[in-house]
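Asker: What follows is a structure written as structure tokens; I'll ask about it next.
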Amino acid sequence: MGCYLEDYRARVATGLQGLPGAMPKAGRLRQLEEKLENAMKQIEDLKRKNSVLEDQLRGAVARGDTVQRQQDAECLVLCDSIIRNVEAEHMRVQRFPGIRTEQLQRVIENRDLGAPDTVVIHVGTNDLRRTGNLDNVMGDVYALVKKAKTKFPQAPLILSGVFRRRDVSWRLIGALNDRYDWVTRSLGVTFVDPNSWIEDWDFGRDGLHINSSGARKLGQLYSRVCDFGGRVQNRNE
């Protein structure tokens, strides 16, 4: 009985193959299967391409954030009146004519100075005019830098050395800047000596204040230490 049934099924299948329309249906089925397979391949290919595009998009967003942060970055310069007309992109200069180191410390403590990305401090010229005791000046500068680190905990600090001047000997200027350098090394901040950038002809007729040429050079120096125009190596590294 089983053999007879199998033989019957075989003859029915053979007969169906000869019927009109049987082969076209089978052909269409194969075509649909091929189309489905091709569609699946295309879907996988699109997934891979989308994954690559997503990675590129994330990279572009990250780069854009970095550029935006750089564009929004601000360098705050706190200084006495010796620094005149120093300007640069992303730089905010606040001058305090006649200010001494201990007075600038109180300014930093009590005034709202925002949240700059980098802080440059230039002070000490007026201290030299009042006292010849360099160790006292160094102590005041040490306290000033500590206060600035507390005020701006996220901002790198740069201490700018005292300019040479006609009424003070080079030896005294160099000795004070050596003490500034020691302060920065002790507190982990950066020291820059502007005298290595400023020439004699970059001062005005009074021999104290820098002229337009000196202001331009000092602006370039401060831009570099603030990482806005190329990096000046930290002498404490």
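Chain lettering (A, B, ...) mirrors the order of the structure tokens, residue numbering begins at 1 for each chain separately, and ligand numbering begins at 1 in order of display.
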With only C-alpha atoms as the counted atoms, please give the residues lying no more than 12 Å from Arg130 in chain A, apart from itself and same-chain residues fewer than 5 positions off, as a ChimeraX atom specification.
Answerer: /A:98-101,124-125,136-137,168
Asker: Would you mind listing what lies within 10 Å of Glu199 in chain A as a PDB file with N, CA, C and O atoms, in the first residue's frame, with only C-alpha atoms counted and same-chain residues fewer than 5 positions away left out?
Answerer:
ATOM      1  N   ARG A 164      62.273  95.263  32.152  1.00  0.00           N
ATOM      2  CA  ARG A 164      63.411  96.124  32.464  1.00  0.00           C
ATOM      3  C   ARG A 164      62.980  97.577  32.316  1.00  0.00           C
ATOM      4  O   ARG A 164      62.061  97.891  31.560  1.00  0.00           O
ATOM      5  N   PRO A 194      59.030  88.485  29.623  1.00  0.00           N
ATOM      6  CA  PRO A 194      58.778  89.287  28.413  1.00  0.00           C
ATOM      7  C   PRO A 194      60.020  89.989  27.898  1.00  0.00           C
ATOM      8  O   PRO A 194      60.038  90.441  26.752  1.00  0.00           O
ATOM      9  N   ILE A 210      55.635 100.306  27.316  1.00  0.00           N
ATOM     10  CA  ILE A 210      55.896  99.804  25.969  1.00  0.00           C
ATOM     11  C   ILE A 210      55.105 100.625  24.954  1.00  0.00           C
ATOM     12  O   ILE A 210      54.015 101.136  25.243  1.00  0.00           O
ATOM     13  N   SER A 213      54.754  98.945  19.100  1.00  0.00           N
ATOM     14  CA  SER A 213      55.513  97.763  18.684  1.00  0.00           C
ATOM     15  C   SER A 213      55.647  96.774  19.831  1.00  0.00           C
ATOM     16  O   SER A 213      55.450  95.557  19.661  1.00  0.00           O
ATOM     17  N   GLY A 214      55.963  97.280  21.008  1.00  0.00           N
ATOM     18  CA  GLY A 214      56.068  96.400  22.172  1.00  0.00           C
ATOM     19  C   GLY A 214      54.739  95.780  22.541  1.00  0.00           C
ATOM     20  O   GLY A 214      54.673  94.605  22.933  1.00  0.00           O
ATOM     21  N   LYS A 217      54.076  92.873  20.181  1.00  0.00           N
ATOM     22  CA  LYS A 217      54.893  91.705  20.508  1.00  0.00           C
ATOM     23  C   LYS A 217      54.401  91.026  21.786  1.00  0.00           C
ATOM     24  O   LYS A 217      54.358  89.794  21.866  1.00  0.00           O
TER      25      LYS A 217
END
Asker: Taking 3 positions as the minimum chain separation for residues in the same chain, which residues sit within 10 Å of Lys151 in chain A when counting only C-alpha atoms? Answer as a count of residues only.
Answerer: 13
Asker: Could you jot down the CA of Ile82 in chain A to CA of Asp181 in chain A separation for me, Å, one decimal place?
Answerer: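 Calculated distance between CA of Ile82 in chain A and CA of Asp181 in chain A is 20.1 Å.
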Asker: Near Leu218 in chain A, counting only C-alpha atoms, which residues have an atom at most 8 Å away, once you skip same-chain residues fewer than 3 positions from it, shown as a compact mmCIF listing (two decimals) with N, CA and C atoms, in the first residue's frame?
Answerer:
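Output (result25.txt):
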# COMPACT_ATOMS: atom_id res chain seq x y z
N VAL A 86 47.77 96.48 24.74
CA VAL A 86 47.97 95.07 24.41
C VAL A 86 46.61 94.47 24.12
N PRO A 194 59.03 88.48 29.62
CA PRO A 194 58.78 89.29 28.41
C PRO A 194 60.02 89.99 27.90
N TRP A 197 61.36 88.97 24.64
CA TRP A 197 60.58 89.29 23.45
C TRP A 197 60.64 90.77 23.10
N ILE A 198 60.85 91.60 24.11
CA ILE A 198 60.78 93.05 23.94
C ILE A 198 62.19 93.63 23.82
N GLY A 214 55.96 97.28 21.01
CA GLY A 214 56.07 96.40 22.17
C GLY A 214 54.74 95.78 22.54
N ALA A 215 53.65 96.55 22.40
CA ALA A 215 52.32 96.02 22.71
C ALA A 215 51.96 94.89 21.76
N LEU A 221 53.00 87.22 22.41
CA LEU A 221 53.52 86.32 23.45
C LEU A 221 52.39 85.78 24.31
N TYR A 222 51.50 86.66 24.76
CA TYR A 222 50.40 86.22 25.62
C TYR A 222 49.44 85.31 24.86
Asker: Enter the distance from CA of Arg166 in chain A to CA of Asp202 in chain A, in Å, rounded to one decimal.
Answerer: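 A separation of 13.0 Å between them.
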Asker: Apply DSSP to the structure's backbone, then extract all residues of range 41-229 of chain A labelled helix (DSSP H, G or I) and return them as JSON, numbers by chain.
Answerer: {"A": [41, 42, 43, 44, 45, 46, 47, 48, 49, 50, 51, 52, 53, 54, 55, 56, 57, 58, 59, 60, 61, 62, 63, 64, 65, 66, 67, 68, 69, 70, 71, 72, 101, 102, 103, 104, 105, 106, 107, 108, 109, 110, 125, 126, 127, 128, 129, 130, 134, 135, 136, 137, 138, 139, 140, 141, 142, 143, 144, 145, 146, 147, 148, 149, 150, 151, 170, 171, 172, 173, 174, 175, 176, 177, 178, 179, 180, 181, 182, 183, 184, 185, 186, 187, 194, 195, 196, 200, 201, 202, 212, 213, 214, 215, 216, 217, 218, 219, 220, 221, 222, 223, 224, 225]}
Asker: Using only C-alpha atoms, which protein or nucleic acid residues come within 10 Å of Arg165 in chain A? Drop anything in the same chain fewer than 4 positions from it, and give the result as JSON, numbers by chain.
Answerer: {"A": [125, 169, 170, 173, 200, 203, 206, 207, 208, 209]}
Asker: Quick one: residues within 10 Å of Glu102 in chain A, only C-alpha atoms counted, chain neighbours fewer than 3 positions away excluded, as a PyMOL selection string?
Answerer: chain A and resi 99+105-107+123-124+127+137+139-141+143-144
Asker: I'd like to know which of A:Ile83, A:Met91, A:Val192, A:Cys75 is closest to Pro156 in chain A, using only C-alpha atoms.
Answerer: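 Of all the options, A:Cys75 lies closest to Pro156 in chain A.
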Asker: Got a sec to tell me which of range 95-212 of chain A DSSP assigns to strand (DSSP E), as a PyMOL selection string?
Answerer: chain A and resi 95+118-122+157-160+190-192
Asker: What does the structure give for the distance between CA of Leu187 in chain A and CA of Ala175 in chain A, in Å to one decimal?
Answerer: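 Value for the CA of Leu187 in chain A-CA of Ala175 in chain A distance: 18.8 Å.
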Asker: Need the shell around Ile158 in chain A: protein/DNA/RNA residues with any atom at most 7 Å away, counting only C-alpha atoms. Skip same-chain ones fewer than 4 positions apart. Format as a list in words?
Answerer: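 In the requested form, the answer reads Val119, Val120, Ile121, Val189, Thr190 and Phe191 of chain A.
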Asker: Let's have the selection written as a PDB file, in the first residue's frame, with N, CA, C and O atoms.
Answerer:
ATOM      1  N   VAL A 119      44.684  82.585  32.609  1.00  0.00           N
ATOM      2  CA  VAL A 119      44.893  83.859  33.297  1.00  0.00           C
ATOM      3  C   VAL A 119      46.376  84.210  33.233  1.00  0.00           C
ATOM      4  O   VAL A 119      47.235  83.390  33.574  1.00  0.00           O
ATOM      5  N   VAL A 120      46.664  85.431  32.776  1.00  0.00           N
ATOM      6  CA  VAL A 120      48.021  85.965  32.763  1.00  0.00           C
ATOM      7  C   VAL A 120      48.092  87.101  33.776  1.00  0.00           C
ATOM      8  O   VAL A 120      47.234  87.995  33.779  1.00  0.00           O
ATOM      9  N   ILE A 121      49.109  87.070  34.635  1.00  0.00           N
ATOM     10  CA  ILE A 121      49.286  88.107  35.646  1.00  0.00           C
ATOM     11  C   ILE A 121      50.608  88.817  35.393  1.00  0.00           C
ATOM     12  O   ILE A 121      51.661  88.179  35.311  1.00  0.00           O
ATOM     13  N   VAL A 189      52.808  76.630  38.216  1.00  0.00           N
ATOM     14  CA  VAL A 189      52.247  77.447  37.144  1.00  0.00           C
ATOM     15  C   VAL A 189      53.373  77.825  36.188  1.00  0.00           C
ATOM     16  O   VAL A 189      54.520  77.401  36.357  1.00  0.00           O
ATOM     17  N   THR A 190      53.045  78.629  35.188  1.00  0.00           N
ATOM     18  CA  THR A 190      54.001  78.958  34.128  1.00  0.00           C
ATOM     19  C   THR A 190      54.591  80.349  34.328  1.00  0.00           C
ATOM     20  O   THR A 190      53.882  81.285  34.698  1.00  0.00           O
ATOM     21  N   PHE A 191      55.875  80.477  34.064  1.00  0.00           N
ATOM     22  CA  PHE A 191      56.543  81.769  34.088  1.00  0.00           C
ATOM     23  C   PHE A 191      57.029  82.111  32.697  1.00  0.00           C
ATOM     24  O   PHE A 191      57.596  81.267  31.992  1.00  0.00           O
TER      25      PHE A 191
END
Asker: Which one of A:Asp117, A:Asp80, A:Glu37, A:Asp178 sits closest to Val225 in chain A if you count only C-alpha atoms?
Answerer: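 Going through A:Asp117, A:Asp80, A:Glu37, A:Asp178 one by one, the smallest distance to Val225 in chain A is for A:Asp117.
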